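See below for model-v9.cif, which holds mmCIF, C-alpha atoms and all ligand atoms.
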```
data_coords
loop_
_atom_site.group_PDB
_atom_site.id
_atom_site.type_symbol
_atom_site.label_atom_id
_atom_site.label_comp_id
_atom_site.auth_asym_id
_atom_site.auth_seq_id
_atom_site.Cartn_x
_atom_site.Cartn_y
_atom_site.Cartn_z
ATOM 1 C CA MET V 1 -16.990 -48.770 110.582
ATOM 2 C CA ASP V 2 -16.303 -48.749 106.862
ATOM 3 C CA LEU V 3 -16.970 -52.402 106.264
ATOM 4 C CA LEU V 4 -20.483 -53.031 105.104
ATOM 5 C CA GLY V 5 -21.610 -56.495 106.050
ATOM 6 C CA VAL V 6 -24.178 -58.284 108.156
ATOM 7 C CA HIS V 7 -22.791 -59.289 111.537
ATOM 8 C CA SER V 8 -24.904 -62.319 112.509
ATOM 9 C CA VAL V 9 -27.436 -64.864 111.493
ATOM 10 C CA ASP V 10 -30.346 -63.480 113.495
ATOM 11 C CA HIS V 11 -32.669 -66.439 112.947
ATOM 12 C CA PHE V 12 -33.920 -68.964 110.447
ATOM 13 C CA CYS V 13 -37.497 -69.804 109.564
ATOM 14 C CA VAL V 14 -38.503 -73.258 108.411
ATOM 15 C CA ALA V 15 -41.930 -74.777 107.822
ATOM 16 C CA VAL V 16 -42.428 -78.271 109.223
ATOM 17 C CA PRO V 17 -45.453 -80.568 109.045
ATOM 18 C CA ASP V 18 -45.764 -81.218 112.787
ATOM 19 C CA LEU V 19 -44.877 -78.633 115.413
ATOM 20 C CA SER V 20 -45.317 -81.066 118.308
ATOM 21 C CA LYS V 21 -42.687 -83.356 116.778
ATOM 22 C CA ALA V 22 -40.427 -80.338 116.314
ATOM 23 C CA ARG V 23 -40.904 -79.389 119.942
ATOM 24 C CA GLU V 24 -39.914 -82.883 121.117
ATOM 25 C CA PHE V 25 -36.903 -83.003 118.838
ATOM 26 C CA TYR V 26 -35.434 -79.605 119.710
ATOM 27 C CA SER V 27 -36.170 -80.049 123.429
ATOM 28 C CA ALA V 28 -34.256 -83.330 123.400
ATOM 29 C CA PHE V 29 -31.428 -81.548 121.576
ATOM 30 C CA GLY V 30 -31.107 -79.148 124.516
ATOM 31 C CA LEU V 31 -32.831 -76.086 123.124
ATOM 32 C CA ALA V 32 -35.866 -74.284 124.545
ATOM 33 C CA PRO V 33 -38.701 -74.269 122.022
ATOM 34 C CA ALA V 34 -41.661 -72.121 123.059
ATOM 35 C CA ALA V 35 -45.135 -71.940 121.510
ATOM 36 C CA GLN V 36 -45.762 -68.397 120.324
ATOM 37 C CA GLY V 37 -48.879 -67.443 118.399
ATOM 38 C CA GLY V 38 -49.368 -70.773 116.641
ATOM 39 C CA GLU V 39 -45.682 -71.300 115.859
ATOM 40 C CA LEU V 40 -42.608 -72.517 117.665
ATOM 41 C CA ALA V 41 -39.889 -70.070 118.692
ATOM 42 C CA LEU V 42 -36.506 -71.701 119.131
ATOM 43 C CA PHE V 43 -34.439 -70.292 121.983
ATOM 44 C CA ASP V 44 -31.198 -71.484 123.547
ATOM 45 C CA ALA V 45 -31.754 -72.896 127.041
ATOM 46 C CA GLY V 46 -30.571 -69.609 128.574
ATOM 47 C CA ARG V 47 -33.211 -67.815 126.490
ATOM 48 C CA ALA V 48 -30.654 -65.286 125.326
ATOM 49 C CA HIS V 49 -32.033 -65.096 121.795
ATOM 50 C CA ARG V 50 -34.685 -66.519 119.489
ATOM 51 C CA TRP V 51 -32.620 -68.318 116.899
ATOM 52 C CA GLY V 52 -35.334 -69.987 114.891
ATOM 53 C CA ARG V 53 -38.995 -69.880 113.943
ATOM 54 C CA LEU V 54 -40.809 -73.067 113.029
ATOM 55 C CA ILE V 55 -44.138 -72.643 111.363
ATOM 56 C CA GLU V 56 -46.570 -75.346 110.334
ATOM 57 C CA GLY V 57 -46.667 -76.241 106.646
ATOM 58 C CA PRO V 58 -47.484 -79.239 104.474
ATOM 59 C CA ARG V 59 -43.830 -80.314 104.384
ATOM 60 C CA LYS V 60 -40.418 -79.217 105.580
ATOM 61 C CA GLN V 61 -39.342 -76.146 103.671
ATOM 62 C CA LEU V 62 -36.955 -73.252 104.249
ATOM 63 C CA GLN V 63 -38.953 -70.012 104.465
ATOM 64 C CA TYR V 64 -36.241 -67.388 104.902
ATOM 65 C CA LEU V 65 -32.948 -66.619 106.576
ATOM 66 C CA SER V 66 -32.672 -63.464 108.653
ATOM 67 C CA PHE V 67 -29.347 -61.662 109.105
ATOM 68 C CA GLY V 68 -28.592 -59.061 111.749
ATOM 69 C CA ALA V 69 -26.887 -55.781 110.846
ATOM 70 C CA PHE V 70 -25.858 -52.663 112.746
ATOM 71 C CA ALA V 71 -28.682 -50.086 112.667
ATOM 72 C CA ASP V 72 -26.360 -47.454 111.151
ATOM 73 C CA ASP V 73 -25.680 -49.765 108.233
ATOM 74 C CA MET V 74 -29.315 -50.265 107.220
ATOM 75 C CA PRO V 75 -29.498 -47.220 104.895
ATOM 76 C CA ARG V 76 -26.227 -48.345 103.315
ATOM 77 C CA PHE V 77 -27.638 -51.804 102.622
ATOM 78 C CA ALA V 78 -30.727 -50.190 101.076
ATOM 79 C CA ALA V 79 -28.485 -48.020 98.873
ATOM 80 C CA ARG V 80 -26.431 -51.042 97.892
ATOM 81 C CA LEU V 81 -29.522 -52.932 96.763
ATOM 82 C CA GLU V 82 -30.570 -49.983 94.658
ATOM 83 C CA GLN V 83 -27.090 -49.672 93.182
ATOM 84 C CA LEU V 84 -27.059 -53.373 92.287
ATOM 85 C CA GLY V 85 -30.583 -53.218 90.848
ATOM 86 C CA ILE V 86 -31.919 -55.754 93.336
ATOM 87 C CA GLU V 87 -35.620 -55.501 94.051
ATOM 88 C CA ARG V 88 -36.539 -54.725 97.646
ATOM 89 C CA LEU V 89 -39.513 -56.914 98.530
ATOM 90 C CA LYS V 90 -42.437 -56.245 100.829
ATOM 91 C CA ALA V 91 -42.144 -58.042 104.152
ATOM 92 C CA PRO V 92 -44.094 -61.301 104.298
ATOM 93 C CA PRO V 93 -47.434 -60.827 106.138
ATOM 94 C CA GLY V 94 -46.960 -60.068 109.822
ATOM 95 C CA LEU V 95 -43.192 -59.561 109.564
ATOM 96 C CA ASP V 96 -41.032 -56.508 110.004
ATOM 97 C CA ASP V 97 -41.429 -53.885 107.279
ATOM 98 C CA ASP V 98 -38.487 -51.905 108.661
ATOM 99 C CA SER V 99 -36.220 -54.744 107.595
ATOM 100 C CA ILE V 100 -34.824 -55.172 104.113
ATOM 101 C CA TRP V 101 -36.295 -58.177 102.314
ATOM 102 C CA LEU V 102 -34.891 -59.588 99.090
ATOM 103 C CA ARG V 103 -34.604 -62.815 97.185
ATOM 104 C CA SER V 104 -31.323 -64.203 95.888
ATOM 105 C CA PRO V 105 -31.148 -65.378 92.260
ATOM 106 C CA GLN V 106 -30.726 -68.880 93.735
ATOM 107 C CA GLY V 107 -34.138 -68.646 95.421
ATOM 108 C CA HIS V 108 -33.356 -67.772 99.056
ATOM 109 C CA LEU V 109 -35.633 -65.259 100.753
ATOM 110 C CA ILE V 110 -33.407 -63.034 102.909
ATOM 111 C CA GLU V 111 -34.110 -60.531 105.645
ATOM 112 C CA ILE V 112 -31.568 -57.925 106.759
ATOM 113 C CA ARG V 113 -32.712 -56.500 110.069
ATOM 114 C CA ALA V 114 -31.227 -54.014 112.508
ATOM 115 C CA GLY V 115 -30.336 -55.966 115.610
ATOM 116 C CA ASP V 116 -27.799 -56.882 118.248
ATOM 117 C CA LYS V 117 -24.682 -58.727 117.165
ATOM 118 C CA VAL V 118 -25.476 -62.241 118.336
ATOM 119 C CA SER V 119 -22.414 -63.809 116.735
ATOM 120 C CA PRO V 120 -19.447 -63.972 119.118
ATOM 121 C CA ASN V 121 -16.727 -61.316 119.282
ATOM 122 C CA GLU V 122 -14.077 -63.861 120.205
ATOM 123 C CA PRO V 123 -13.647 -67.634 119.968
ATOM 124 C CA SER V 124 -16.117 -69.395 122.238
ATOM 125 C CA ALA V 125 -14.698 -71.158 125.283
ATOM 126 C CA PHE V 126 -13.578 -74.668 124.463
ATOM 127 C CA VAL V 127 -12.631 -77.111 127.206
ATOM 128 C CA ALA V 128 -9.998 -79.626 126.197
ATOM 129 C CA ASP V 129 -7.949 -79.975 129.369
ATOM 130 C CA PRO V 130 -7.424 -83.410 130.841
ATOM 131 C CA PRO V 131 -8.670 -83.780 134.429
ATOM 132 C CA ALA V 132 -6.410 -82.500 137.124
ATOM 133 C CA SER V 133 -4.253 -85.020 138.905
ATOM 134 C CA SER V 134 -6.087 -86.988 141.618
ATOM 135 C CA THR V 135 -9.580 -86.316 140.192
ATOM 136 C CA ARG V 136 -11.872 -88.485 138.060
ATOM 137 C CA GLY V 137 -12.430 -87.241 134.538
ATOM 138 C CA THR V 138 -15.848 -88.774 134.075
ATOM 139 C CA PHE V 139 -18.938 -90.165 135.819
ATOM 140 C CA CYS V 140 -21.430 -93.023 135.544
ATOM 141 C CA ARG V 141 -23.744 -93.045 132.548
ATOM 142 C CA SER V 142 -26.750 -92.555 134.821
ATOM 143 C CA GLU V 143 -25.184 -89.321 136.037
ATOM 144 C CA ALA V 144 -24.376 -87.943 132.590
ATOM 145 C CA PRO V 145 -25.395 -84.288 132.454
ATOM 146 C CA ARG V 146 -27.639 -82.905 129.726
ATOM 147 C CA VAL V 147 -26.092 -80.678 127.079
ATOM 148 C CA TYR V 148 -27.504 -77.233 126.417
ATOM 149 C CA PRO V 149 -26.032 -75.476 123.366
ATOM 150 C CA ARG V 150 -24.943 -71.921 124.068
ATOM 151 C CA ARG V 151 -25.974 -70.350 120.789
ATOM 152 C CA LEU V 152 -26.589 -70.888 117.097
ATOM 153 C CA SER V 153 -23.284 -71.260 115.279
ATOM 154 C CA HIS V 154 -24.407 -71.339 111.647
ATOM 155 C CA VAL V 155 -27.037 -72.404 109.147
ATOM 156 C CA ALA V 156 -26.330 -74.459 106.014
ATOM 157 C CA LEU V 157 -28.440 -73.791 102.951
ATOM 158 C CA TYR V 158 -28.855 -75.796 99.800
ATOM 159 C CA THR V 159 -28.243 -73.799 96.649
ATOM 160 C CA PRO V 160 -28.482 -74.677 92.960
ATOM 161 C CA ASP V 161 -25.273 -72.705 92.291
ATOM 162 C CA VAL V 162 -22.617 -72.586 95.009
ATOM 163 C CA GLY V 163 -20.369 -70.186 93.055
ATOM 164 C CA ALA V 164 -23.156 -67.716 92.298
ATOM 165 C CA SER V 165 -24.363 -67.876 95.911
ATOM 166 C CA ILE V 166 -20.850 -67.065 97.171
ATOM 167 C CA ASP V 167 -20.919 -63.979 94.924
ATOM 168 C CA PHE V 168 -24.403 -62.991 96.059
ATOM 169 C CA PHE V 169 -23.688 -63.250 99.776
ATOM 170 C CA ARG V 170 -20.369 -61.423 99.288
ATOM 171 C CA ASP V 171 -21.645 -58.596 97.089
ATOM 172 C CA VAL V 172 -25.008 -57.980 98.747
ATOM 173 C CA LEU V 173 -24.619 -59.037 102.392
ATOM 174 C CA GLY V 174 -20.874 -58.502 102.755
ATOM 175 C CA LEU V 175 -20.035 -62.054 103.848
ATOM 176 C CA ARG V 176 -16.594 -63.385 102.945
ATOM 177 C CA LEU V 177 -15.480 -66.769 101.743
ATOM 178 C CA SER V 178 -13.683 -68.769 104.442
ATOM 179 C CA ASP V 179 -13.088 -71.967 102.466
ATOM 180 C CA ARG V 180 -14.763 -73.972 99.768
ATOM 181 C CA SER V 181 -14.722 -77.430 98.352
ATOM 182 C CA LEU V 182 -15.017 -77.024 94.586
ATOM 183 C CA ASN V 183 -18.644 -76.315 93.734
ATOM 184 C CA VAL V 184 -19.906 -78.753 96.351
ATOM 185 C CA VAL V 185 -19.828 -76.690 99.527
ATOM 186 C CA ALA V 186 -18.650 -73.258 100.674
ATOM 187 C CA PHE V 187 -18.332 -71.525 104.042
ATOM 188 C CA LEU V 188 -18.706 -67.795 104.660
ATOM 189 C CA HIS V 189 -17.853 -65.619 107.660
ATOM 190 C CA GLY V 190 -18.895 -62.143 108.744
ATOM 191 C CA VAL V 191 -16.546 -59.158 108.431
ATOM 192 C CA HIS V 192 -17.326 -57.932 111.959
ATOM 193 C CA GLY V 193 -15.903 -61.080 113.560
ATOM 194 C CA SER V 194 -17.580 -64.473 113.547
ATOM 195 C CA ASP V 195 -17.014 -68.176 113.584
ATOM 196 C CA HIS V 196 -15.353 -69.608 110.457
ATOM 197 C CA HIS V 197 -18.832 -69.814 109.033
ATOM 198 C CA LEU V 198 -22.072 -68.008 109.673
ATOM 199 C CA ILE V 199 -23.512 -69.835 106.715
ATOM 200 C CA ALA V 200 -22.580 -72.840 104.627
ATOM 201 C CA LEU V 201 -23.748 -73.373 101.050
ATOM 202 C CA VAL V 202 -24.378 -76.908 99.850
ATOM 203 C CA THR V 203 -24.936 -77.932 96.248
ATOM 204 C CA SER V 204 -28.388 -79.189 95.274
ATOM 205 C CA PRO V 205 -30.792 -78.828 92.344
ATOM 206 C CA GLY V 206 -32.755 -76.227 94.347
ATOM 207 C CA PRO V 207 -32.700 -74.076 97.504
ATOM 208 C CA GLY V 208 -33.437 -75.540 100.905
ATOM 209 C CA PHE V 209 -32.417 -75.962 104.532
ATOM 210 C CA HIS V 210 -29.613 -78.471 105.170
ATOM 211 C CA HIS V 211 -28.850 -77.934 108.850
ATOM 212 C CA CYS V 212 -28.662 -75.602 111.781
ATOM 213 C CA SER V 213 -25.592 -75.897 113.987
ATOM 214 C CA TRP V 214 -25.282 -75.149 117.683
ATOM 215 C CA ASP V 215 -22.202 -74.265 119.681
ATOM 216 C CA VAL V 216 -21.233 -76.417 122.652
ATOM 217 C CA GLY V 217 -18.132 -76.226 124.812
ATOM 218 C CA SER V 218 -16.223 -79.467 124.368
ATOM 219 C CA VAL V 219 -15.836 -82.747 122.518
ATOM 220 C CA GLN V 220 -17.392 -84.289 125.625
ATOM 221 C CA GLU V 221 -20.532 -82.203 125.073
ATOM 222 C CA VAL V 222 -20.684 -83.187 121.397
ATOM 223 C CA GLY V 223 -20.601 -86.828 122.510
ATOM 224 C CA LEU V 224 -23.014 -86.448 125.428
ATOM 225 C CA GLY V 225 -25.497 -84.609 123.222
ATOM 226 C CA SER V 226 -25.368 -87.270 120.527
ATOM 227 C CA ALA V 227 -25.792 -90.050 123.127
ATOM 228 C CA HIS V 228 -28.808 -88.341 124.680
ATOM 229 C CA MET V 229 -30.383 -87.915 121.240
ATOM 230 C CA ALA V 230 -29.781 -91.585 120.427
ATOM 231 C CA VAL V 231 -31.602 -92.788 123.549
ATOM 232 C CA SER V 232 -34.365 -90.262 122.861
ATOM 233 C CA GLY V 233 -35.088 -91.927 119.512
ATOM 234 C CA TYR V 234 -32.877 -89.826 117.281
ATOM 235 C CA ALA V 235 -29.971 -92.154 116.584
ATOM 236 C CA ALA V 236 -29.678 -91.371 112.869
ATOM 237 C CA GLY V 237 -27.113 -88.807 111.799
ATOM 238 C CA TRP V 238 -23.426 -88.374 111.216
ATOM 239 C CA GLY V 239 -20.588 -88.229 113.723
ATOM 240 C CA CYS V 240 -18.817 -87.823 115.912
ATOM 241 C CA GLY V 241 -15.956 -86.467 113.864
ATOM 242 C CA ARG V 242 -13.858 -83.436 113.126
ATOM 243 C CA HIS V 243 -14.308 -81.209 110.109
ATOM 244 C CA VAL V 244 -11.332 -79.907 108.170
ATOM 245 C CA LEU V 245 -12.969 -76.669 106.974
ATOM 246 C CA GLY V 246 -13.810 -74.847 110.200
ATOM 247 C CA SER V 247 -11.906 -77.401 112.314
ATOM 248 C CA ASN V 248 -14.944 -78.043 114.502
ATOM 249 C CA TYR V 249 -15.784 -81.291 116.230
ATOM 250 C CA PHE V 250 -19.259 -82.311 115.115
ATOM 251 C CA HIS V 251 -22.173 -84.608 115.437
ATOM 252 C CA TYR V 252 -25.197 -84.189 113.183
ATOM 253 C CA VAL V 253 -28.550 -85.474 114.402
ATOM 254 C CA ARG V 254 -31.100 -86.152 111.698
ATOM 255 C CA ASP V 255 -34.341 -84.302 112.390
ATOM 256 C CA PRO V 256 -37.781 -85.821 111.689
ATOM 257 C CA TRP V 257 -37.772 -84.241 108.186
ATOM 258 C CA GLY V 258 -34.418 -85.391 106.839
ATOM 259 C CA SER V 259 -32.424 -82.243 107.597
ATOM 260 C CA TYR V 260 -29.934 -82.000 110.466
ATOM 261 C CA CYS V 261 -29.203 -80.339 113.767
ATOM 262 C CA GLU V 262 -25.482 -80.213 114.570
ATOM 263 C CA TYR V 263 -23.564 -80.092 117.830
ATOM 264 C CA SER V 264 -20.386 -78.136 117.071
ATOM 265 C CA ALA V 265 -17.391 -77.401 119.282
ATOM 266 C CA GLY V 266 -14.105 -75.617 118.784
ATOM 267 C CA MET V 267 -14.713 -73.950 115.451
ATOM 268 C CA ASP V 268 -12.053 -71.679 113.931
ATOM 269 C CA TYR V 269 -12.722 -68.010 114.577
ATOM 270 C CA VAL V 270 -12.184 -65.099 112.168
ATOM 271 C CA PRO V 271 -11.758 -61.823 114.076
ATOM 272 C CA CYS V 272 -12.864 -58.491 112.623
ATOM 273 C CA GLY V 273 -10.126 -57.103 110.368
ATOM 274 C CA THR V 274 -8.575 -60.469 109.511
ATOM 275 C CA ASP V 275 -7.659 -61.129 105.921
ATOM 276 C CA TRP V 276 -8.558 -64.812 106.028
ATOM 277 C CA GLN V 277 -7.027 -66.805 103.185
ATOM 278 C CA ALA V 278 -9.667 -69.090 101.709
ATOM 279 C CA THR V 279 -8.708 -72.541 100.470
ATOM 280 C CA ASP V 280 -10.345 -74.768 97.874
ATOM 281 C CA SER V 281 -9.910 -78.497 98.333
ATOM 282 C CA PRO V 282 -11.828 -81.524 97.083
ATOM 283 C CA PRO V 283 -14.502 -82.970 99.419
ATOM 284 C CA GLU V 284 -12.610 -86.220 100.055
ATOM 285 C CA ASP V 285 -9.753 -84.179 101.473
ATOM 286 C CA SER V 286 -11.731 -81.626 103.441
ATOM 287 C CA MET V 287 -15.146 -82.856 104.506
ATOM 288 C CA PHE V 288 -13.797 -84.483 107.656
ATOM 289 C CA LEU V 289 -10.413 -85.173 109.201
ATOM 290 C CA TRP V 290 -11.632 -88.216 111.112
ATOM 291 C CA GLY V 291 -14.913 -89.877 111.956
ATOM 292 C CA PRO V 292 -17.314 -92.288 110.283
ATOM 293 C CA ALA V 293 -18.323 -91.873 106.645
ATOM 294 C CA PRO V 294 -21.378 -89.645 106.179
ATOM 295 C CA PRO V 295 -24.723 -91.262 105.343
ATOM 296 C CA GLN V 296 -25.328 -91.775 101.606
ATOM 297 C CA ASP V 297 -28.114 -89.207 101.556
ATOM 298 C CA PHE V 298 -26.334 -86.608 103.693
ATOM 299 C CA ILE V 299 -26.722 -83.889 101.071
ATOM 300 C CA THR V 300 -30.048 -85.009 99.606
ATOM 301 C CA ASN V 301 -32.417 -82.066 99.501
ATOM 302 C CA PHE V 302 -35.787 -83.480 100.544
ATOM 303 C CA GLU V 303 -37.466 -80.125 99.843
ATOM 304 C CA ILE V 304 -37.437 -80.656 96.093
HETATM 305 FE FE FE P 1 -22.254 -77.331 110.127
#
```
Could you rewrite the structure in this file as structure tokens?
Ligand SMILES: [Fe+2]
Amino acid sequence: MDLLGVHSVDHFCVAVPDLSKAREFYSAFGLAPAAQGGELALFDAGRAHRWGRLIEGPRKQLQYLSFGAFADDMPRFAARLEQLGIERLKAPPGLDDDSIWLRSPQGHLIEIRAGDKVSPNEPSAFVADPPASSTRGTFCRSEAPRVYPRRLSHVALYTPDVGASIDFFRDVLGLRLSDRSLNVVAFLHGVHGSDHHLIALVTSPGPGFHHCSWDVGSVQEVGLGSAHMAVSGYAAGWGCGRHVLGSNYFHYVRDPWGSYCEYSAGMDYVPCGTDWQATDSPPEDSMFLWGPAPPQDFITNFEI
């Protein structure tokens, strides 16, 4: 494969002030948090992959974002860093020294690690069919099933310079621009086939963690998930609605630290080898196609 680019978001790592609160929140969301050596590992309910690490810290703060790459590409990434004059950092204590660690000029600590491609190779199944004739399409509220996201879809990071971050993630990690909204937000996909965005970049005075987003299979599941979160004490958020950039149906649940956890269904997919034509449209025309207005502080970075 000639293309040099990371293929997946392997996992994110965020410090939070209270791991027991995190455990309650992500369990209610439908994930499977597990205590591991004094931290919380965030798995999907099927335990297919560890998508997140939550460590205890004085306040919520993004620690690093880890990207997966094909093992054969690791020496090429190392050579690229050298060619671009980017310093290769030592791994943080206890983490993988075989990985490539670096910091973006915008302040994001990044890991590139050899690992399985955990982003999908085709659009994820999306159920939109009306019920068959002579069957009921729904059930009583008391019988509503729980929603268990299938996988991480993407992570949204705050950045002090959206344009420079687009360049960094393109030139160093090989991600490509899917769409952007001026210098407010941008969405990047992987060259080996991924959802419309593996990462989103959101303008802010400093770096930080805006949200993690989780793939579910229908608008119904977006709604059921949001309803379950509301009765579990997590009613604050934004949704349900449909994004323009990425086309996904969404509901964002506000976490206990002012960032968000998103249910996402039906996102656009960019197959390997596609020359996706990026658009640039103002936020009022592209943030959402329909749905309620976002909360006033939706892109307030509480980490700074
Ligand atoms: Fe999102």
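With all atoms listed in the file counted, the chains near ligand FE 1 (chain P) contribute these residues within 8 Å: His154, Val155, Ala156, Ala200, His211, Cys212, Ser213, Phe250, Glu262 and Ser264 of chain V.
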Name every residue that the PyMOL selection byres (((chain V and resi 53) around 8) and not hetatm) selects in this structure, writing the answer as an MDAnalysis selection string with chains first and numbers rising. chainID V and resid 11:14 39:42 50:52 54:55
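The residue that comes closest to Ala230 (chain V), out of V:Phe43, V:Phe187, V:Tyr252, V:Phe288 and on the basis of only C-alpha atoms, is V:Tyr252.
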What separation in Å, quoted to one decimal, exists between CA of Leu3 (chain V) and CA of Gly190 (chain V)? 10.2 Å
For Tyr234 (chain V), which residue among V:Gln220, V:Gly193, V:Ile166, V:Val253 is the nearest when counting only C-alpha atoms? V:Val253
Please produce, as a Markdown table, a per-residue contact table for region 192-272 of chain V versus region 120-130 of chain V (criterion: any atom at most 10 Å away, all atoms listed in the file considered), showing the nearest atom pair and its distance in Å to one decimal, sorted by chain then residue number.
```
| residue | atom | partner | partner_atom | distance |
| --- | --- | --- | --- | --- |
| V:His192 | CA | V:Asn121 | CA | 8.1 |
| V:Gly193 | CA | V:Asn121 | CA | 5.8 |
| V:Ser194 | CA | V:Pro120 | CA | 5.9 |
| V:Asp195 | CA | V:Pro123 | CA | 7.2 |
| V:His196 | CA | V:Pro123 | CA | 9.9 |
| V:Asp215 | CA | V:Ser124 | CA | 8.2 |
| V:Val216 | CA | V:Phe126 | CA | 8.1 |
| V:Gly217 | CA | V:Phe126 | CA | 4.8 |
| V:Ser218 | CA | V:Val127 | CA | 5.1 |
| V:Val219 | CA | V:Ala128 | CA | 7.6 |
| V:Gln220 | CA | V:Val127 | CA | 8.8 |
| V:Glu221 | CA | V:Val127 | CA | 9.6 |
| V:Ala265 | CA | V:Phe126 | CA | 7.0 |
| V:Gly266 | CA | V:Phe126 | CA | 5.8 |
| V:Met267 | CA | V:Pro123 | CA | 7.8 |
| V:Asp268 | CA | V:Pro123 | CA | 7.4 |
| V:Tyr269 | CA | V:Pro123 | CA | 5.5 |
| V:Val270 | CA | V:Pro123 | CA | 8.3 |
| V:Pro271 | CA | V:Glu122 | CA | 6.9 |
| V:Cys272 | CA | V:Asn121 | CA | 8.2 |
```
Report as a ChimeraX atom specification the full result of the PyMOL selection byres (((chain V and resi 73-75) around 12) and not hetatm) when it is applied to this structure. /V:1-7,67-72,76-82,98-101,111-115,173-174
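With all atoms listed in the file as the basis for measurement, V:Thr300 is the residue among V:Thr300, V:Asp275, V:Gly237, V:Asp171 that approaches Val202 (chain V) most closely.
Restricting the calculation to all atoms listed in the file, the smallest distance between Arg254 (chain V) and any of V:Ser27, V:Ser142, V:Ser204, V:Ser226 is found for V:Ser226.
Residues of protein, DNA or RNA having at least one counted atom within 6 Å of (-25.3, -70.6, 121.3), given all atoms listed in the file, are Pro149, Arg150, Arg151, Leu152, Trp214 and Asp215 of chain V.
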List, as a list in words, every residue that the PyMOL selection byres (((chain V and resi 277) around 12) and not hetatm) selects in the file provided. Arg176, Leu177, Ser178, Asp179, Arg180, Leu188, His189, His196, Val270, Thr274, Asp275, Trp276, Ala278, Thr279 and Asp280 of chain V
If the box runs along x, y and z of the file and leaves 4 Å on each side of region 219-222 of chain V, what are its centre and edge lengths in Å, one decimal, as lines of an AutoDock Vina configuration file?
```
center_x = -18.3
center_y = -83.2
center_z = 123.5
size_x = 12.8
size_y = 10.1
size_z = 12.2
```
Please work out which residues fall within 12 Å of (-26.6, -86.0, 129.4), coordinates as given in the file, with all atoms listed in the file counting, and return them as a PDB file with C-alpha atoms, in the frame of the given file.
```pdb
ATOM      1  CA  ALA V  28     -34.256 -83.330 123.400  1.00  0.00           C
ATOM      2  CA  PHE V  29     -31.428 -81.548 121.576  1.00  0.00           C
ATOM      3  CA  GLY V  30     -31.107 -79.148 124.516  1.00  0.00           C
ATOM      4  CA  PHE V 139     -18.938 -90.165 135.819  1.00  0.00           C
ATOM      5  CA  CYS V 140     -21.430 -93.023 135.544  1.00  0.00           C
ATOM      6  CA  ARG V 141     -23.744 -93.045 132.548  1.00  0.00           C
ATOM      7  CA  SER V 142     -26.750 -92.555 134.821  1.00  0.00           C
ATOM      8  CA  GLU V 143     -25.184 -89.321 136.037  1.00  0.00           C
ATOM      9  CA  ALA V 144     -24.376 -87.943 132.590  1.00  0.00           C
ATOM     10  CA  PRO V 145     -25.395 -84.288 132.454  1.00  0.00           C
ATOM     11  CA  ARG V 146     -27.639 -82.905 129.726  1.00  0.00           C
ATOM     12  CA  VAL V 147     -26.092 -80.678 127.079  1.00  0.00           C
ATOM     13  CA  TYR V 148     -27.504 -77.233 126.417  1.00  0.00           C
ATOM     14  CA  GLN V 220     -17.392 -84.289 125.625  1.00  0.00           C
ATOM     15  CA  GLU V 221     -20.532 -82.203 125.073  1.00  0.00           C
ATOM     16  CA  VAL V 222     -20.684 -83.187 121.397  1.00  0.00           C
ATOM     17  CA  GLY V 223     -20.601 -86.828 122.510  1.00  0.00           C
ATOM     18  CA  LEU V 224     -23.014 -86.448 125.428  1.00  0.00           C
ATOM     19  CA  GLY V 225     -25.497 -84.609 123.222  1.00  0.00           C
ATOM     20  CA  SER V 226     -25.368 -87.270 120.527  1.00  0.00           C
ATOM     21  CA  ALA V 227     -25.792 -90.050 123.127  1.00  0.00           C
ATOM     22  CA  HIS V 228     -28.808 -88.341 124.680  1.00  0.00           C
ATOM     23  CA  MET V 229     -30.383 -87.915 121.240  1.00  0.00           C
ATOM     24  CA  ALA V 230     -29.781 -91.585 120.427  1.00  0.00           C
ATOM     25  CA  VAL V 231     -31.602 -92.788 123.549  1.00  0.00           C
ATOM     26  CA  SER V 232     -34.365 -90.262 122.861  1.00  0.00           C
TER      27      SER V 232
END
```
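Going from CA of Ile86 (chain V) over to CA of Leu157 (chain V), you cover 20.7 Å.
Of the listed residues (V:Ser66, V:Phe25, V:Gly107, V:His210), V:Ser66 comes nearest to Leu95 (chain V); the distances count only C-alpha atoms.
Note that CA of Pro207 (chain V) and CA of Pro282 (chain V) are 22.2 Å apart.
Considering only C-alpha atoms, the residue among V:Thr138, V:Ser153, V:Ser281, V:Ser133 positioned nearest to His197 (chain V) is V:Ser153.
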